[in-house]
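Chemist: The following file, target13.txt, comprises compact mmCIF, C-alpha atoms and all ligand atoms:
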```
# COMPACT_ATOMS: atom_id res chain seq x y z
CA MET O 1 89.15 102.10 91.08
CA PHE O 2 88.77 104.72 93.82
CA ASN O 3 87.89 103.59 97.32
CA LEU O 4 86.80 106.02 99.96
CA VAL O 5 86.09 105.43 103.64
CA ILE O 6 83.81 108.01 105.24
CA PHE O 7 84.46 108.08 108.95
CA GLY O 8 82.86 109.79 111.92
CA PRO O 9 80.63 109.28 114.96
CA PRO O 10 76.90 108.55 114.72
CA GLY O 11 75.14 111.64 113.40
CA ALA O 12 78.29 113.07 111.77
CA GLY O 13 76.53 113.29 108.41
CA LYS O 14 78.13 110.26 106.75
CA GLY O 15 74.91 109.19 105.04
CA THR O 16 73.99 112.69 103.83
CA GLN O 17 77.42 113.39 102.38
CA SER O 18 77.72 109.88 100.90
CA GLU O 19 74.58 110.50 98.83
CA LYS O 20 76.14 113.64 97.38
CA ILE O 21 79.46 111.91 96.71
CA ILE O 22 77.86 109.03 94.78
CA ASP O 23 75.98 111.51 92.58
CA LYS O 24 79.10 113.46 91.71
CA TYR O 25 81.72 110.70 91.50
CA ASN O 26 79.67 107.72 90.45
CA LEU O 27 80.86 105.45 93.24
CA VAL O 28 78.88 102.61 94.80
CA HIS O 29 77.64 103.41 98.30
CA LEU O 30 78.06 100.59 100.81
CA SER O 31 76.53 101.42 104.20
CA THR O 32 76.72 98.51 106.64
CA GLY O 33 74.00 100.17 108.79
CA ASP O 34 71.65 100.27 105.76
CA MET O 35 72.51 96.65 104.91
CA PHE O 36 71.69 95.48 108.44
CA ARG O 37 68.44 97.48 108.50
CA SER O 38 67.43 95.98 105.16
CA HIS O 39 68.10 92.44 106.47
CA ILE O 40 65.99 93.24 109.53
CA THR O 41 63.11 94.65 107.44
CA ASN O 42 63.18 91.58 105.19
CA ASP O 43 63.40 89.29 108.22
CA THR O 44 66.34 87.28 106.79
CA GLU O 45 68.41 84.87 108.90
CA LEU O 46 71.07 87.54 109.26
CA GLY O 47 68.40 90.10 110.15
CA LYS O 48 67.11 87.87 112.96
CA LYS O 49 70.65 87.53 114.33
CA VAL O 50 71.44 91.24 114.43
CA LYS O 51 68.08 92.80 115.28
CA GLU O 52 68.63 92.96 119.05
CA ILE O 53 72.23 94.10 118.66
CA LEU O 54 71.23 97.09 116.53
CA ALA O 55 68.31 97.96 118.78
CA ASP O 56 70.76 98.04 121.72
CA GLY O 57 73.20 100.32 119.90
CA LYS O 58 76.02 97.75 120.10
CA LEU O 59 78.38 96.68 117.34
CA VAL O 60 77.61 93.55 115.33
CA PRO O 61 80.45 90.96 115.61
CA ASP O 62 83.27 91.49 113.11
CA SER O 63 82.92 88.07 111.45
CA ILE O 64 79.28 88.74 110.47
CA THR O 65 79.95 92.32 109.38
CA ILE O 66 83.04 91.56 107.32
CA SER O 67 81.49 88.68 105.37
CA MET O 68 78.34 90.70 104.64
CA LEU O 69 80.41 93.65 103.40
CA GLU O 70 82.66 91.49 101.20
CA GLU O 71 79.62 89.87 99.64
CA GLU O 72 78.23 93.29 98.70
CA VAL O 73 81.53 94.31 97.12
CA GLN O 74 81.51 91.08 95.06
CA LYS O 75 78.03 91.98 93.75
CA ASN O 76 79.48 95.07 92.05
CA PRO O 77 82.32 93.80 89.85
CA ASN O 78 82.09 96.77 87.48
CA ALA O 79 82.09 99.51 90.11
CA LYS O 80 84.36 102.51 89.50
CA GLY O 81 84.93 102.51 93.24
CA PHE O 82 83.17 102.33 96.58
CA ILE O 83 82.25 104.56 99.49
CA PHE O 84 82.48 102.60 102.69
CA ASP O 85 80.06 104.22 105.14
CA GLY O 86 79.91 102.84 108.68
CA PHE O 87 82.68 100.35 107.86
CA PRO O 88 85.34 99.70 109.12
CA ARG O 89 84.22 100.34 112.71
CA THR O 90 86.94 98.29 114.40
CA VAL O 91 90.65 97.78 113.69
CA PRO O 92 90.12 94.09 112.73
CA GLN O 93 87.51 95.29 110.20
CA ALA O 94 90.04 97.79 108.80
CA GLU O 95 92.67 95.06 108.52
CA ALA O 96 90.18 92.73 106.83
CA LEU O 97 89.22 95.45 104.32
CA ASP O 98 92.87 96.10 103.46
CA ALA O 99 93.54 92.39 102.95
CA PHE O 100 90.37 91.96 100.89
CA LEU O 101 91.04 94.93 98.59
CA GLU O 102 94.70 94.01 98.24
CA GLY O 103 93.66 90.54 97.09
CA LYS O 104 91.86 92.25 94.22
CA GLY O 105 94.73 94.60 93.44
CA PHE O 106 93.00 97.62 95.04
CA LYS O 107 93.36 99.70 98.20
CA VAL O 108 91.66 102.32 100.34
CA ASP O 109 92.62 105.57 98.60
CA LEU O 110 91.23 108.13 101.03
CA VAL O 111 89.68 108.30 104.49
CA LEU O 112 87.46 111.32 105.11
CA GLN O 113 87.00 112.03 108.78
CA LEU O 114 83.92 114.12 109.55
CA ASP O 115 84.73 116.00 112.73
CA VAL O 116 81.76 116.98 114.94
CA THR O 117 81.34 117.61 118.66
CA GLN O 118 79.26 115.41 120.94
CA ASP O 119 76.74 118.23 121.52
CA VAL O 120 76.09 118.53 117.80
CA ILE O 121 75.71 114.76 117.45
CA LYS O 122 73.15 114.58 120.21
CA ALA O 123 71.13 117.51 118.85
CA ARG O 124 71.12 116.12 115.29
CA ILE O 125 70.08 112.65 116.31
CA ALA O 126 67.28 113.97 118.53
CA GLU O 127 65.98 115.79 115.41
CA ARG O 128 66.48 112.74 113.20
CA GLN O 129 64.55 110.46 115.53
CA LYS O 130 61.42 112.53 115.03
CA VAL O 131 61.36 111.44 111.40
CA SER O 132 63.44 108.23 111.25
CA GLY O 133 61.71 106.42 114.09
CA ARG O 134 64.97 104.43 114.43
CA ALA O 135 64.83 102.54 117.72
CA ASP O 136 68.56 103.07 118.21
CA ASP O 137 68.13 106.85 117.96
CA ASP O 138 66.52 107.15 121.40
CA ALA O 139 68.64 108.97 123.98
CA GLU O 140 69.82 105.92 125.93
CA LYS O 141 70.73 103.85 122.84
CA LEU O 142 72.45 106.80 121.31
CA LEU O 143 74.70 107.06 124.35
CA LYS O 144 75.56 103.37 123.88
CA ARG O 145 76.44 104.02 120.23
CA ILE O 146 78.61 106.98 121.18
CA ASP O 147 80.35 104.76 123.79
CA GLU O 148 80.98 102.10 121.17
CA TYR O 149 82.43 104.78 118.91
CA PHE O 150 84.88 106.07 121.51
CA ASP O 151 85.68 102.58 122.80
CA LYS O 152 86.27 100.73 119.51
CA THR O 153 85.77 102.79 116.38
CA ILE O 154 88.02 105.74 117.20
CA HIS O 155 91.07 103.41 116.98
CA VAL O 156 90.44 103.01 113.27
CA LEU O 157 91.63 106.59 112.82
CA PRO O 158 95.29 106.12 113.89
CA TYR O 159 95.31 102.91 111.85
CA TYR O 160 94.68 104.96 108.70
CA GLN O 161 96.69 107.98 109.89
CA ASN O 162 99.73 105.69 110.02
CA GLN O 163 99.09 104.98 106.35
CA GLY O 164 98.86 108.74 105.63
CA LYS O 165 95.32 108.41 104.27
CA VAL O 166 93.21 110.66 106.51
CA THR O 167 91.78 114.05 105.57
CA THR O 168 89.78 115.73 108.33
CA ILE O 169 86.74 117.79 107.38
CA ASN O 170 84.82 120.04 109.76
CA GLY O 171 81.41 118.35 109.83
CA VAL O 172 79.63 121.32 111.42
CA GLY O 173 78.08 123.87 109.05
CA GLU O 174 76.01 123.98 105.87
CA ILE O 175 75.68 120.68 104.01
CA GLU O 176 76.90 122.32 100.77
CA THR O 177 79.92 123.94 102.43
CA ILE O 178 80.96 120.62 103.92
CA PHE O 179 80.44 118.90 100.58
CA GLY O 180 82.64 121.53 98.91
CA GLN O 181 85.49 120.63 101.25
CA ILE O 182 84.88 116.93 100.69
CA SER O 183 85.01 117.42 96.91
CA GLU O 184 88.34 119.21 97.19
CA ALA O 185 89.77 116.38 99.28
CA ILE O 186 88.57 113.79 96.77
CA ASP O 187 89.77 115.77 93.73
CA ALA O 188 93.24 115.95 95.29
CA LYS O 189 93.49 112.14 95.22
CA TYR O 190 91.06 111.05 92.51
P1 LIG J 201 75.12 105.61 112.66
O1 LIG J 201 76.28 105.98 111.81
O2 LIG J 201 74.00 106.59 112.58
O3 LIG J 201 75.49 105.26 114.06
P2 LIG J 201 74.69 103.18 111.10
O4 LIG J 201 73.47 103.22 110.28
O5 LIG J 201 76.00 103.29 110.42
O6 LIG J 201 74.48 104.27 112.22
O7 LIG J 201 74.75 101.82 111.96
C1 LIG J 201 73.66 101.40 112.75
C2 LIG J 201 74.04 100.17 113.58
O8 LIG J 201 74.40 99.08 112.71
C3 LIG J 201 75.24 100.33 114.52
O9 LIG J 201 74.89 100.94 115.74
C4 LIG J 201 75.65 98.86 114.69
O10 LIG J 201 74.77 98.16 115.54
C5 LIG J 201 75.44 98.28 113.29
N1 LIG J 201 76.65 98.41 112.45
C6 LIG J 201 76.77 99.18 111.33
N2 LIG J 201 77.99 99.07 110.79
C7 LIG J 201 78.68 98.22 111.60
C8 LIG J 201 80.01 97.73 111.60
N3 LIG J 201 80.90 98.09 110.65
N4 LIG J 201 80.39 96.87 112.58
C9 LIG J 201 79.53 96.51 113.53
N5 LIG J 201 78.27 96.94 113.62
C10 LIG J 201 77.82 97.79 112.66
```
Hey, can you dump this file as structure tokens for me?
Modeler:
Amino acid sequence: MFNLVIFGPPGAGKGTQSEKIIDKYNLVHLSTGDMFRSHITNDTELGKKVKEILADGKLVPDSITISMLEEEVQKNPNAKGFIFDGFPRTVPQAEALDAFLEGKGFKVDLVLQLDVTQDVIKARIAERQKVSGRADDDAEKLLKRIDEYFDKTIHVLPYYQNQGKVTTINGVGEIETIFGQISEAIDAKY
């Protein structure tokens, strides 16, 4: 079992790099953002609850997020490992993930931090919105998401640094170059 957390601000390239990692390492990709969007598209009870929150660029409450994530892990009993993308986004989520994995005899093996500047994030998301049509990609909602990142999510980093698990990757550059560095970081621990 190999469990990887991919960490970085909105627009850091977590989704893009996760796709490449699952192809190469055969891990199961768990993106909480994708899960919420799928609930919203399918108009489930959970989707109804979180729709406004996502549209506003705010974080979904921990209790909802953690139980949804744990359920998805349980659906994949034969996984070789997981990539957690967009989770944990708060310290309580990180603590819950540790407790949950420990209960199964597993742990987070590596945290990849994708390092990008705010200017790059804003430029990438402006581009992405042209094709994604994501309501939370508009300029005002994006600022809210960046605020949430620097207010709550950034504290997840020292949590994992204290455990000696973080490798920082420069997230600015060619997709393949970044992926090369990610592969090296994974191979060192895999
Ligand atoms: P991005 O990384 O581009 O900001 P995501 O697709 O990961 O976007 O997440 C989109 C939205 O889903 C977030 O802005 C938030 O509302 C919600 N969300 C995703 N993951 C979490 C989480 N772990 N905790 C709380 N809310 C979350």
Chemist: Compile the contact shell of O:Gly164 as a PDB file with C-alpha atoms, in the frame of the given file: residues with an atom at most 12 Å away, counting only C-alpha atoms, same-chain residues fewer than 5 positions apart removed.
Modeler:
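Generated output (out.pdb):
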```pdb
ATOM      1  CA  VAL O 108      91.660 102.320 100.340  1.00  0.00           C
ATOM      2  CA  ASP O 109      92.620 105.570  98.600  1.00  0.00           C
ATOM      3  CA  LEU O 110      91.230 108.130 101.030  1.00  0.00           C
ATOM      4  CA  VAL O 111      89.680 108.300 104.490  1.00  0.00           C
ATOM      5  CA  LEU O 112      87.460 111.320 105.110  1.00  0.00           C
ATOM      6  CA  LEU O 157      91.630 106.590 112.820  1.00  0.00           C
ATOM      7  CA  PRO O 158      95.290 106.120 113.890  1.00  0.00           C
ATOM      8  CA  TYR O 159      95.310 102.910 111.850  1.00  0.00           C
TER       9      TYR O 159
END
```
Chemist: From the options O:Asp187, O:Asp56, O:Glu95, O:Asp62, which residue's atoms come nearest to O:Lys24, counting all atoms listed in the file?
Modeler: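 Residue with the minimum atom-to-atom distance to O:Lys24: O:Asp187.
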Chemist: Using all atoms listed in the file, which residues have at least one atom no more than 7 Å from ligand LIG 201 (chain J)? Output them as a list in words.
Modeler: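 The neighbouring residues of ligand LIG 201 (chain J) are, in order, Pro9, Pro10, Gly11, Lys14, Ser31, Thr32, Gly33, Asp34, Phe36, Ile53, Leu54, Gly57, Lys58, Leu59, Val60, Pro61, Asp62, Thr65, Asp85, Gly86, Phe87, Pro88, Arg89, Thr90 and Arg145 of chain O.
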Chemist: Measuring between all atoms listed in the file, which one of O:Ala123, O:Val116, O:Ile83, O:Val166 shows the shortest distance to O:Ile178?
Modeler: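 Closest residue, counting all atoms listed in the file: O:Val116.
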Chemist: Between atom CA of O:Ile64 and atom CA of O:Pro92, what is the spacing in Å?
Modeler: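 For atom CA of O:Pro92 relative to atom CA of O:Ile64, the distance reads 12.3 Å.
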Chemist: Using all atoms listed in the file, which residue out of O:Ser132, O:Lys75, O:Ala12, O:Val5 lies closest to O:Ile146?
Modeler: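 Residue with the minimum atom-to-atom distance to O:Ile146: O:Ala12.
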Chemist: Step by step: start from the point (82.9, 104.0, 100.7) in the file's coordinates, keep every protein, DNA or RNA residue that has an atom no farther than 8 Å from it, count all atoms listed in the file, and write the set as a list in words.
Modeler: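 Residues with an atom at most 8 Å from (82.9, 104.0, 100.7): Asn3, Leu4, Val5, Ile6, Ser18, Leu27, Val28, His29, Leu30, Ser31, Gly81, Phe82, Ile83, Phe84 and Asp85 of chain O.
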